[in-house]
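This is structure34.pdb. It holds PDB, C-alpha atoms.
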```
ATOM      1  CA  MET S   1       0.000   0.000   0.000
ATOM      2  CA  THR S   2       1.366   3.413  -0.963
ATOM      3  CA  PHE S   3       2.292   5.948   1.695
ATOM      4  CA  GLU S   4      -0.288   8.531   0.656
ATOM      5  CA  LEU S   5      -3.219  10.195   2.371
ATOM      6  CA  GLN S   6      -6.630   9.867   0.782
ATOM      7  CA  LEU S   7      -7.441  13.563   0.664
ATOM      8  CA  ASP S   8     -11.081  12.958  -0.271
ATOM      9  CA  GLN S   9     -11.667  11.308   3.127
ATOM     10  CA  PRO S  10     -11.889  12.954   6.578
ATOM     11  CA  LEU S  11      -8.281  13.943   7.172
ATOM     12  CA  ALA S  12      -8.136  13.062  10.869
ATOM     13  CA  HIS S  13      -9.329   9.533  10.117
ATOM     14  CA  ALA S  14      -7.004   9.140   7.121
ATOM     15  CA  LEU S  15      -3.926  10.311   9.047
ATOM     16  CA  ALA S  16      -4.750   8.180  12.093
ATOM     17  CA  ARG S  17      -5.077   5.093   9.886
ATOM     18  CA  ARG S  18      -1.780   5.907   8.196
ATOM     19  CA  LEU S  19       0.008   6.205  11.534
ATOM     20  CA  GLU S  20      -1.518   2.999  12.849
ATOM     21  CA  ARG S  21      -0.436   1.127   9.727
ATOM     22  CA  GLU S  22       3.141   2.321   9.976
ATOM     23  CA  ILE S  23       3.398   1.370  13.658
ATOM     24  CA  ASN S  24       1.793  -2.033  13.056
ATOM     25  CA  SER S  25       4.049  -2.650  10.053
ATOM     26  CA  THR S  26       7.077  -1.862  12.190
ATOM     27  CA  ARG S  27       5.970  -4.335  14.852
ATOM     28  CA  GLN S  28       5.401  -7.033  12.238
ATOM     29  CA  ARG S  29       8.895  -6.519  10.828
ATOM     30  CA  LEU S  30      10.347  -7.160  14.279
ATOM     31  CA  ASP S  31       8.558 -10.458  14.884
ATOM     32  CA  ASP S  32      10.709 -13.497  15.714
ATOM     33  CA  ALA S  33      14.358 -12.931  14.703
ATOM     34  CA  PRO S  34      14.414 -10.135  12.091
ATOM     35  CA  ASP S  35      17.227 -10.062   9.562
ATOM     36  CA  GLU S  36      19.010  -6.982   8.203
ATOM     37  CA  ALA S  37      16.308  -6.301   5.597
ATOM     38  CA  ALA S  38      13.566  -6.458   8.220
ATOM     39  CA  ILE S  39      15.446  -4.083  10.532
ATOM     40  CA  HIS S  40      15.955  -1.650   7.659
ATOM     41  CA  ALA S  41      12.256  -1.800   6.736
ATOM     42  CA  ALA S  42      11.235  -1.312  10.375
ATOM     43  CA  ARG S  43      13.352   1.814  10.676
ATOM     44  CA  ARG S  44      11.834   3.147   7.459
ATOM     45  CA  HIS S  45       8.305   2.654   8.831
ATOM     46  CA  ILE S  46       9.310   4.532  11.992
ATOM     47  CA  LYS S  47      10.604   7.463   9.938
ATOM     48  CA  LYS S  48       7.371   7.558   7.959
ATOM     49  CA  ALA S  49       5.296   7.611  11.136
ATOM     50  CA  ARG S  50       7.348  10.450  12.610
ATOM     51  CA  ALA S  51       7.007  12.441   9.383
ATOM     52  CA  ALA S  52       3.236  11.907   9.458
ATOM     53  CA  LEU S  53       3.116  13.200  13.046
ATOM     54  CA  ARG S  54       4.862  16.347  11.883
ATOM     55  CA  LEU S  55       1.988  17.125   9.561
ATOM     56  CA  LEU S  56       0.078  17.846  12.759
ATOM     57  CA  GLU S  57       2.916  19.728  14.456
ATOM     58  CA  ALA S  58       6.347  20.432  13.032
ATOM     59  CA  LYS S  59       7.722  20.004  16.566
ATOM     60  CA  PRO S  60       5.310  17.644  18.364
ATOM     61  CA  ARG S  61       4.173  18.775  21.801
ATOM     62  CA  ALA S  62       2.093  17.326  24.643
ATOM     63  CA  VAL S  63       0.647  13.880  23.812
ATOM     64  CA  LEU S  64       2.011  13.966  20.278
ATOM     65  CA  ALA S  65       5.476  14.474  21.735
ATOM     66  CA  ASP S  66       5.042  11.286  23.777
ATOM     67  CA  VAL S  67       4.210   9.340  20.596
ATOM     68  CA  ASP S  68       7.167  10.856  18.770
ATOM     69  CA  HIS S  69       9.494  10.143  21.706
ATOM     70  CA  ALA S  70       8.440   6.493  21.802
ATOM     71  CA  LEU S  71       8.989   6.142  18.057
ATOM     72  CA  ARG S  72      12.409   7.762  18.370
ATOM     73  CA  GLN S  73      13.308   5.332  21.164
ATOM     74  CA  ALA S  74      12.328   2.394  18.957
ATOM     75  CA  GLY S  75      14.482   3.702  16.124
ATOM     76  CA  ARG S  76      17.473   4.219  18.377
ATOM     77  CA  ALA S  77      17.157   0.710  19.786
ATOM     78  CA  LEU S  78      17.464  -0.642  16.244
ATOM     79  CA  SER S  79      20.448   1.582  15.383
ATOM     80  CA  PRO S  80      23.242  -0.848  16.418
ATOM     81  CA  SER S  81      22.007  -3.494  13.976
ATOM     82  CA  ARG S  82      21.571  -0.945  11.207
ATOM     83  CA  ASP S  83      24.972   0.695  11.827
ATOM     84  CA  GLN S  84      26.750  -2.648  11.733
ATOM     85  CA  ALA S  85      25.283  -3.505   8.335
ATOM     86  CA  ALA S  86      25.883   0.016   6.998
ATOM     87  CA  LEU S  87      29.553  -0.051   8.024
ATOM     88  CA  LEU S  88      30.095  -3.318   6.202
ATOM     89  CA  ARG S  89      28.374  -2.046   3.042
ATOM     90  CA  THR S  90      30.307   1.218   3.145
ATOM     91  CA  ALA S  91      33.694  -0.446   3.606
ATOM     92  CA  ASP S  92      32.911  -2.974   0.877
ATOM     93  CA  ALA S  93      31.855  -0.217  -1.547
ATOM     94  CA  LEU S  94      35.153   1.614  -1.016
ATOM     95  CA  THR S  95      37.116  -1.409  -2.237
ATOM     96  CA  ALA S  96      35.953  -0.803  -5.823
ATOM     97  CA  GLY S  97      38.766   0.992  -7.623
ATOM     98  CA  ALA S  98      40.885   1.320  -4.477
ATOM     99  CA  PRO S  99      44.670   1.000  -4.779
ATOM    100  CA  PRO S 100      45.966  -2.468  -3.819
ATOM    101  CA  ALA S 101      47.285  -1.441  -0.392
ATOM    102  CA  ALA S 102      44.077   0.375   0.509
ATOM    103  CA  ARG S 103      42.000  -2.526  -0.798
ATOM    104  CA  ARG S 104      43.870  -4.977   1.434
ATOM    105  CA  ALA S 105      43.295  -2.686   4.407
ATOM    106  CA  LEU S 106      39.582  -2.457   3.594
ATOM    107  CA  LEU S 107      39.273  -6.235   3.356
ATOM    108  CA  ARG S 108      40.883  -6.550   6.775
ATOM    109  CA  LEU S 109      38.480  -3.933   8.118
ATOM    110  CA  CYS S 110      35.487  -5.770   6.627
ATOM    111  CA  ALA S 111      36.573  -8.991   8.330
ATOM    112  CA  GLU S 112      36.971  -7.136  11.622
ATOM    113  CA  LEU S 113      33.529  -5.539  11.317
ATOM    114  CA  ALA S 114      31.882  -8.843  10.417
ATOM    115  CA  ALA S 115      33.348 -10.428  13.526
ATOM    116  CA  SER S 116      32.131  -7.687  15.866
ATOM    117  CA  GLY S 117      28.722  -7.886  17.503
ATOM    118  CA  ALA S 118      25.619  -5.969  16.455
ATOM    119  CA  GLY S 119      22.304  -5.328  18.171
ATOM    120  CA  GLY S 120      20.889  -8.206  20.188
ATOM    121  CA  ALA S 121      17.690  -9.461  21.788
ATOM    122  CA  ASP S 122      17.652  -6.685  24.403
ATOM    123  CA  ASP S 123      17.633  -4.015  21.702
ATOM    124  CA  LEU S 124      14.764  -5.737  19.906
ATOM    125  CA  GLN S 125      12.783  -6.012  23.113
ATOM    126  CA  GLU S 126      13.334  -2.323  23.830
ATOM    127  CA  ALA S 127      12.152  -1.426  20.322
ATOM    128  CA  ARG S 128       9.025  -3.568  20.652
ATOM    129  CA  ALA S 129       8.165  -2.034  24.028
ATOM    130  CA  ALA S 130       8.603   1.497  22.671
ATOM    131  CA  LEU S 131       6.369   0.707  19.699
ATOM    132  CA  GLU S 132       3.653  -0.593  21.997
ATOM    133  CA  GLN S 133       3.880   2.604  24.017
ATOM    134  CA  ALA S 134       3.588   4.656  20.804
ATOM    135  CA  ARG S 135       0.523   2.661  19.748
ATOM    136  CA  LEU S 136      -1.210   3.197  23.082
ATOM    137  CA  ARG S 137      -0.354   6.895  23.239
ATOM    138  CA  LEU S 138      -1.551   7.455  19.683
ATOM    139  CA  ALA S 139      -5.102   6.398  20.561
ATOM    140  CA  GLY S 140      -5.596   9.568  22.607
ATOM    141  CA  ALA S 141      -3.428  11.890  20.557
ATOM    142  CA  MET S 142      -5.352  12.361  17.314
ATOM    143  CA  PRO S 143      -7.750  15.289  16.917
ATOM    144  CA  GLY S 144     -11.408  14.600  16.192
ATOM    145  CA  ALA S 145     -11.437  16.911  13.187
ATOM    146  CA  LEU S 146      -8.565  18.060  11.040
ATOM    147  CA  PRO S 147      -8.819  20.953   8.575
ATOM    148  CA  PHE S 148      -6.349  20.936   5.706
ATOM    149  CA  ALA S 149      -4.932  24.248   6.941
ATOM    150  CA  ARG S 150      -3.453  22.418   9.924
ATOM    151  CA  LEU S 151      -1.679  19.979   7.612
ATOM    152  CA  ALA S 152      -0.405  22.932   5.608
ATOM    153  CA  ASP S 153       0.942  24.441   8.825
ATOM    154  CA  GLY S 154       2.681  21.171   9.711
ATOM    155  CA  PHE S 155       4.146  20.795   6.229
ATOM    156  CA  ALA S 156       5.370  24.392   6.287
ATOM    157  CA  GLY S 157       6.891  23.926   9.744
ATOM    158  CA  THR S 158       8.797  20.854   8.610
ATOM    159  CA  TYR S 159       9.927  22.743   5.519
ATOM    160  CA  ARG S 160      11.124  25.622   7.725
ATOM    161  CA  CYS S 161      13.189  23.188   9.817
ATOM    162  CA  GLY S 162      14.796  21.930   6.611
ATOM    163  CA  ARG S 163      15.666  25.448   5.463
ATOM    164  CA  ARG S 164      17.316  26.143   8.804
ATOM    165  CA  ALA S 165      19.264  22.887   8.681
ATOM    166  CA  LEU S 166      20.380  23.742   5.147
ATOM    167  CA  ARG S 167      21.612  27.191   6.174
ATOM    168  CA  ARG S 168      23.654  25.652   8.988
ATOM    169  CA  ALA S 169      25.090  23.000   6.651
ATOM    170  CA  LEU S 170      26.009  25.589   4.027
ATOM    171  CA  ASP S 171      27.715  27.688   6.685
ATOM    172  CA  THR S 172      29.688  24.735   8.079
ATOM    173  CA  PRO S 173      29.270  21.445   6.157
ATOM    174  CA  SER S 174      30.332  19.229   9.057
ATOM    175  CA  ALA S 175      29.244  15.601   9.285
ATOM    176  CA  GLY S 176      26.868  16.441  12.134
ATOM    177  CA  ARG S 177      25.182  19.312  10.312
ATOM    178  CA  LEU S 178      24.850  17.339   7.088
ATOM    179  CA  HIS S 179      23.276  14.487   9.029
ATOM    180  CA  ALA S 180      20.814  16.911  10.649
ATOM    181  CA  LEU S 181      19.936  18.177   7.177
ATOM    182  CA  ARG S 182      19.289  14.616   6.045
ATOM    183  CA  ARG S 183      16.917  13.990   8.964
ATOM    184  CA  ALA S 184      14.915  17.105   8.097
ATOM    185  CA  LEU S 185      14.957  16.204   4.408
ATOM    186  CA  LYS S 186      13.587  12.709   5.101
ATOM    187  CA  HIS S 187      10.623  14.216   6.963
ATOM    188  CA  HIS S 188      10.005  16.545   4.007
ATOM    189  CA  LEU S 189      10.309  13.659   1.558
ATOM    190  CA  TYR S 190       7.736  11.512   3.335
ATOM    191  CA  GLN S 191       5.359  14.422   3.687
ATOM    192  CA  LEU S 192       5.564  14.953  -0.068
ATOM    193  CA  ARG S 193       4.452  11.342  -0.431
ATOM    194  CA  LEU S 194       1.603  11.811   2.021
ATOM    195  CA  LEU S 195       0.252  14.838   0.148
ATOM    196  CA  ARG S 196       0.985  13.480  -3.320
ATOM    197  CA  GLY S 197      -2.701  13.633  -4.239
ATOM    198  CA  LEU S 198      -2.552  17.442  -4.422
ATOM    199  CA  TRP S 199      -0.550  17.222  -7.668
ATOM    200  CA  PRO S 200       0.998  13.783  -8.333
ATOM    201  CA  ALA S 201       3.323  14.755 -11.192
ATOM    202  CA  LEU S 202       4.877  17.666  -9.300
ATOM    203  CA  PHE S 203       5.136  15.920  -5.938
ATOM    204  CA  ASP S 204       6.636  12.784  -7.524
ATOM    205  CA  ALA S 205       9.350  14.915  -9.148
ATOM    206  CA  LEU S 206      10.129  16.758  -5.906
ATOM    207  CA  GLU S 207      10.179  13.508  -3.970
ATOM    208  CA  ALA S 208      12.610  11.937  -6.441
ATOM    209  CA  GLN S 209      15.023  14.841  -5.998
ATOM    210  CA  ALA S 210      14.665  14.761  -2.219
ATOM    211  CA  ASP S 211      15.246  11.013  -2.211
ATOM    212  CA  GLN S 212      18.418  11.395  -4.287
ATOM    213  CA  ALA S 213      19.824  14.078  -1.984
ATOM    214  CA  ALA S 214      18.885  12.059   1.108
ATOM    215  CA  GLU S 215      20.697   9.034  -0.302
ATOM    216  CA  GLN S 216      23.832  11.105  -0.931
ATOM    217  CA  LEU S 217      23.700  12.565   2.567
ATOM    218  CA  GLY S 218      23.107   9.085   3.968
ATOM    219  CA  GLN S 219      26.229   7.796   2.250
ATOM    220  CA  HIS S 220      28.153  10.786   3.620
ATOM    221  CA  HIS S 221      26.979   9.901   7.142
ATOM    222  CA  ASP S 222      27.920   6.242   6.755
ATOM    223  CA  LEU S 223      31.391   7.288   5.629
ATOM    224  CA  ALA S 224      31.686   9.588   8.656
ATOM    225  CA  VAL S 225      30.734   6.705  10.963
ATOM    226  CA  LEU S 226      33.284   4.485   9.220
ATOM    227  CA  ARG S 227      36.002   7.084   9.711
ATOM    228  CA  GLU S 228      35.159   7.267  13.416
ATOM    229  CA  ARG S 229      35.216   3.482  13.660
ATOM    230  CA  LEU S 230      38.755   3.428  12.290
ATOM    231  CA  ALA S 231      40.047   4.946  15.523
ATOM    232  CA  THR S 232      39.156   1.795  17.467
ATOM    233  CA  SER S 233      40.038  -0.737  14.788
ATOM    234  CA  GLY S 234      42.932  -3.148  14.953
ATOM    235  CA  LEU S 235      44.440  -1.826  11.727
ATOM    236  CA  SER S 236      47.862  -0.237  11.579
ATOM    237  CA  PRO S 237      48.134   3.572  11.443
ATOM    238  CA  ALA S 238      49.159   3.393   7.779
ATOM    239  CA  GLU S 239      46.117   1.254   6.934
ATOM    240  CA  ARG S 240      43.821   3.642   8.769
ATOM    241  CA  ARG S 241      45.234   6.613   6.868
ATOM    242  CA  ARG S 242      44.683   4.886   3.520
ATOM    243  CA  ILE S 243      41.055   4.099   4.294
ATOM    244  CA  ASP S 244      40.402   7.512   5.804
ATOM    245  CA  ALA S 245      41.739   9.237   2.681
ATOM    246  CA  LEU S 246      39.465   7.160   0.438
ATOM    247  CA  ALA S 247      36.435   7.882   2.630
ATOM    248  CA  ARG S 248      37.179  11.604   2.781
ATOM    249  CA  ARG S 249      37.526  11.880  -0.997
ATOM    250  CA  ARG S 250      34.224  10.068  -1.455
ATOM    251  CA  GLN S 251      32.546  12.449   1.005
ATOM    252  CA  ASP S 252      33.942  15.420  -0.893
ATOM    253  CA  THR S 253      32.177  14.247  -4.064
ATOM    254  CA  LEU S 254      28.848  13.672  -2.302
ATOM    255  CA  THR S 255      28.530  16.957  -0.432
ATOM    256  CA  PRO S 256      28.296  19.506  -3.298
ATOM    257  CA  ALA S 257      25.712  17.524  -5.263
ATOM    258  CA  ALA S 258      23.489  16.974  -2.223
ATOM    259  CA  LEU S 259      23.679  20.616  -1.136
ATOM    260  CA  LEU S 260      22.839  21.882  -4.628
ATOM    261  CA  THR S 261      19.712  19.742  -4.742
ATOM    262  CA  CYS S 262      18.721  20.882  -1.256
ATOM    263  CA  ARG S 263      19.191  24.533  -2.201
ATOM    264  CA  ARG S 264      16.697  24.007  -5.014
ATOM    265  CA  LEU S 265      14.248  22.050  -2.861
ATOM    266  CA  TYR S 266      14.326  24.726  -0.159
ATOM    267  CA  ALA S 267      14.531  27.736  -2.472
ATOM    268  CA  GLU S 268      11.089  29.150  -1.617
ATOM    269  CA  ARG S 269      10.232  30.997   1.553
ATOM    270  CA  THR S 270       8.179  29.004   4.017
ATOM    271  CA  GLY S 271       5.144  31.283   3.803
ATOM    272  CA  ALA S 272       5.042  30.914   0.035
ATOM    273  CA  VAL S 273       5.134  27.124   0.322
ATOM    274  CA  ARG S 274       2.220  27.140   2.758
ATOM    275  CA  CYS S 275       0.138  29.393   0.496
ATOM    276  CA  ARG S 276       0.897  27.220  -2.514
ATOM    277  CA  LEU S 277      -0.179  24.098  -0.639
ATOM    278  CA  LEU S 278      -3.477  25.702   0.334
ATOM    279  CA  ALA S 279      -4.023  26.769  -3.280
ATOM    280  CA  TYR S 280      -3.415  23.214  -4.497
ATOM    281  CA  ALA S 281      -5.907  21.898  -1.952
ATOM    282  CA  ALA S 282      -8.525  24.415  -3.067
ATOM    283  CA  ALA S 283      -7.940  23.530  -6.702
ATOM    284  CA  THR S 284      -8.442  19.806  -6.103
ATOM    285  CA  GLN S 285     -11.792  20.240  -4.352
ATOM    286  CA  SER S 286     -14.801  19.257  -6.401
ATOM    287  CA  PRO S 287     -16.985  22.211  -7.448
ATOM    288  CA  ASP S 288     -20.300  22.568  -5.635
TER     289      ASP S 288
END
```
Take the structure in the file and give it back as structure tokens.
Amino acid sequence: MTFELQLDQPLAHALARRLEREINSTRQRLDDAPDEAAIHAARRHIKKARAALRLLEAKPRAVLADVDHALRQAGRALSPSRDQAALLRTADALTAGAPPAARRALLRLCAELAASGAGGADDLQEARAALEQARLRLAGAMPGALPFARLADGFAGTYRCGRRALRRALDTPSAGRLHALRRALKHHLYQLRLLRGLWPALFDALEAQADQAAEQLGQHHDLAVLRERLATSGLSPAERRRIDALARRRQDTLTPAALLTCRRLYAERTGAVRCRLLAYAAATQSPD
């Protein structure tokens, strides 16, 4: 089922059903002993649910904040398993085209990473408990009625957060600021999917660009984590330097492309985006 709100239905009901489905899908992915693909899918469902919450409030407060906090806890509990797999993929990808000495060092690093532990049963149990808390809290969090203007406010607030994150990243493109930009961009991306019905062709194009930039920023983050991991590896200093140089060069190619796309995605002022969204909603309403 696509991640899209049915805008011809009561919005409060449609959004509540969407949130419930994402939480339930996450719980199903974590049944029994989930593999890497299931963990990845579960984390994606959590991100979608948190983006949907932000259509109600860009920065969730009160009961909504409790739901968001529980979802964030579930995502963090799954992070060790995700990070382990991402480190292996990132190190393996760097071997392509690497000089022989660097390639040997990367293969040693891959073997070391594969032998180290990832998330275990305790992390899964913590994630499941947090998801149950989110499900229970959600029941009393949703409004009875939901005008589209409130969704427009939430969308605009999320967009504003992205613009601020972009300004900070452009000022100082550190790994932390680029990762914060990616988090904001993912919320924007999923909200574009939710409101796709306003103008499918336009929103699909914007989503594709946001997805591309998010992927580039995600790779940048994984490389940053790999570079940090080198400090505690059993590799020699020379091997660490070779890998670090490869990772840094790869980051340097990812950053400009991602920032250019983000500058285009966040080119409009927030107020203009909100007004445009309201105009799209008015245009899609059936005439009396």
Could you please give me, as a ChimeraX atom specification, the residues of protein, DNA or RNA lying at most 12 Å from (-1.6, 4.0, 11.6) in the coordinate frame of the file, considering all atoms listed in the file?
-> /S:3-5,12-27,45-46,48-50,52-53,67,131,134-136,138-139,142
Shortest interatomic distance to S:Leu223 - which of S:Leu170, S:Ala152, S:Ala175, S:Leu265, counting only C-alpha atoms |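 Once distances to S:Leu223 are computed over only C-alpha atoms, the minimum belongs to S:Ala175.
The residues returned by the PyMOL selection byres ((chain S and resi 259) around 9) for this structure are Leu166, Ala169, Leu170, Leu178, Ala213, Leu217, Leu254, Thr255, Pro256, Ala257, Ala258, Leu260, Thr261, Cys262, Arg263 and Arg264 of chain S.
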Would you please work out which residue, of S:Gly218, S:Gly197, S:Pro10, S:Pro237, is nearest to S:Thr284 when using all atoms listed in the file?
-> S:Gly197
Which residue, S:Ala272, S:Leu56, S:Leu106, S:Ala267, has the smallest gap to S:Asp244 when you use all atoms listed in the file?
-> S:Leu106
Explicit residues for the PyMOL selection byres ((chain S and resi 188) around 10) (as a PyMOL selection string) | chain S and resi 51-52+54-55+155-162+182-187+189-194+206-207+210-211+265
Figure out the distance between atom CA of S:Arg177 and atom CA of S:Ala85, please, to one decimal in Å.
->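 Straight-line distance from atom CA of S:Ala85 to atom CA of S:Arg177 works out to 22.9 Å.
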Leaving out S:Asp83 and any residue of its chain fewer than 2 positions from it, which residues lie within 10 Å of it when counting all atoms listed in the file, given as a list of chain:residue names?
->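 Returned residues: S:Leu78, S:Ser79, S:Pro80, S:Ser81, S:Ala85, S:Ala86, S:Leu87, S:Leu88, S:Arg89, S:Ala118, S:Gly119, S:Asp222, S:Val225, S:Leu226.
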Suppose you want the space between atom CA of S:Asp252 and atom CA of S:Pro173; what is it in Å?
->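 Computing it gives 10.4 Å between the two atoms.
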Å distance separating atom CA of S:Cys275 from atom CA of S:Asp171, one decimal place | 28.3 Å
Of the candidates S:Asp92, S:Glu57, S:Asp8, S:Glu112, which shows the shortest atom-to-atom distance to S:Leu235, using only C-alpha atoms?
-> S:Glu112
Decode the PyMOL selection byres ((chain S and resi 36) around 10) for the given file into explicit residues and return them as a list in words.
->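 Applied to this file, the PyMOL selection byres ((chain S and resi 36) around 10) selects Ala33, Pro34, Asp35, Ala37, Ala38, Ile39, His40, Ala41, Ala42, Ser81, Arg82, Gln84, Ala85 and Ala86 of chain S.
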Reconstruct stretch 255-273 of chain S at the level of N, CA and C atoms, and format the result as a PDB file, keeping the file's coordinate frame.
```pdb
ATOM      1  N   THR S 255      29.050  15.757  -1.076  1.00  0.00           N
ATOM      2  CA  THR S 255      28.530  16.957  -0.432  1.00  0.00           C
ATOM      3  C   THR S 255      28.017  18.009  -1.411  1.00  0.00           C
ATOM      4  N   PRO S 256      28.791  18.425  -2.422  1.00  0.00           N
ATOM      5  CA  PRO S 256      28.296  19.506  -3.298  1.00  0.00           C
ATOM      6  C   PRO S 256      27.008  19.147  -4.032  1.00  0.00           C
ATOM      7  N   ALA S 257      26.912  17.925  -4.518  1.00  0.00           N
ATOM      8  CA  ALA S 257      25.712  17.524  -5.263  1.00  0.00           C
ATOM      9  C   ALA S 257      24.482  17.537  -4.360  1.00  0.00           C
ATOM     10  N   ALA S 258      24.628  17.009  -3.146  1.00  0.00           N
ATOM     11  CA  ALA S 258      23.489  16.974  -2.223  1.00  0.00           C
ATOM     12  C   ALA S 258      23.064  18.381  -1.830  1.00  0.00           C
ATOM     13  N   LEU S 259      24.017  19.257  -1.550  1.00  0.00           N
ATOM     14  CA  LEU S 259      23.679  20.616  -1.136  1.00  0.00           C
ATOM     15  C   LEU S 259      23.025  21.403  -2.261  1.00  0.00           C
ATOM     16  N   LEU S 260      23.456  21.190  -3.499  1.00  0.00           N
ATOM     17  CA  LEU S 260      22.839  21.882  -4.628  1.00  0.00           C
ATOM     18  C   LEU S 260      21.372  21.489  -4.762  1.00  0.00           C
ATOM     19  N   THR S 261      21.101  20.193  -4.664  1.00  0.00           N
ATOM     20  CA  THR S 261      19.712  19.742  -4.742  1.00  0.00           C
ATOM     21  C   THR S 261      18.890  20.318  -3.604  1.00  0.00           C
ATOM     22  N   CYS S 262      19.447  20.340  -2.408  1.00  0.00           N
ATOM     23  CA  CYS S 262      18.721  20.882  -1.256  1.00  0.00           C
ATOM     24  C   CYS S 262      18.473  22.381  -1.408  1.00  0.00           C
ATOM     25  N   ARG S 263      19.406  23.100  -1.981  1.00  0.00           N
ATOM     26  CA  ARG S 263      19.191  24.533  -2.201  1.00  0.00           C
ATOM     27  C   ARG S 263      18.011  24.758  -3.132  1.00  0.00           C
ATOM     28  N   ARG S 264      17.840  23.888  -4.108  1.00  0.00           N
ATOM     29  CA  ARG S 264      16.697  24.007  -5.014  1.00  0.00           C
ATOM     30  C   ARG S 264      15.401  23.609  -4.317  1.00  0.00           C
ATOM     31  N   LEU S 265      15.454  22.515  -3.542  1.00  0.00           N
ATOM     32  CA  LEU S 265      14.248  22.050  -2.861  1.00  0.00           C
ATOM     33  C   LEU S 265      13.746  23.056  -1.829  1.00  0.00           C
ATOM     34  N   TYR S 266      14.681  23.767  -1.205  1.00  0.00           N
ATOM     35  CA  TYR S 266      14.326  24.726  -0.159  1.00  0.00           C
ATOM     36  C   TYR S 266      14.478  26.173  -0.637  1.00  0.00           C
ATOM     37  N   ALA S 267      14.306  26.404  -1.920  1.00  0.00           N
ATOM     38  CA  ALA S 267      14.531  27.736  -2.472  1.00  0.00           C
ATOM     39  C   ALA S 267      13.435  28.723  -2.082  1.00  0.00           C
ATOM     40  N   GLU S 268      12.198  28.260  -1.930  1.00  0.00           N
ATOM     41  CA  GLU S 268      11.089  29.150  -1.617  1.00  0.00           C
ATOM     42  C   GLU S 268      11.067  29.502  -0.130  1.00  0.00           C
ATOM     43  N   ARG S 269      10.478  30.643   0.161  1.00  0.00           N
ATOM     44  CA  ARG S 269      10.232  30.997   1.553  1.00  0.00           C
ATOM     45  C   ARG S 269       9.106  30.133   2.098  1.00  0.00           C
ATOM     46  N   THR S 270       9.143  29.915   3.398  1.00  0.00           N
ATOM     47  CA  THR S 270       8.179  29.004   4.017  1.00  0.00           C
ATOM     48  C   THR S 270       6.740  29.473   3.820  1.00  0.00           C
ATOM     49  N   GLY S 271       6.495  30.768   3.972  1.00  0.00           N
ATOM     50  CA  GLY S 271       5.144  31.283   3.803  1.00  0.00           C
ATOM     51  C   GLY S 271       4.603  31.029   2.410  1.00  0.00           C
ATOM     52  N   ALA S 272       5.468  31.146   1.410  1.00  0.00           N
ATOM     53  CA  ALA S 272       5.042  30.914   0.035  1.00  0.00           C
ATOM     54  C   ALA S 272       4.674  29.455  -0.183  1.00  0.00           C
ATOM     55  N   VAL S 273       5.425  28.550   0.439  1.00  0.00           N
ATOM     56  CA  VAL S 273       5.134  27.124   0.322  1.00  0.00           C
ATOM     57  C   VAL S 273       3.783  26.808   0.950  1.00  0.00           C
TER      58      VAL S 273
END
```
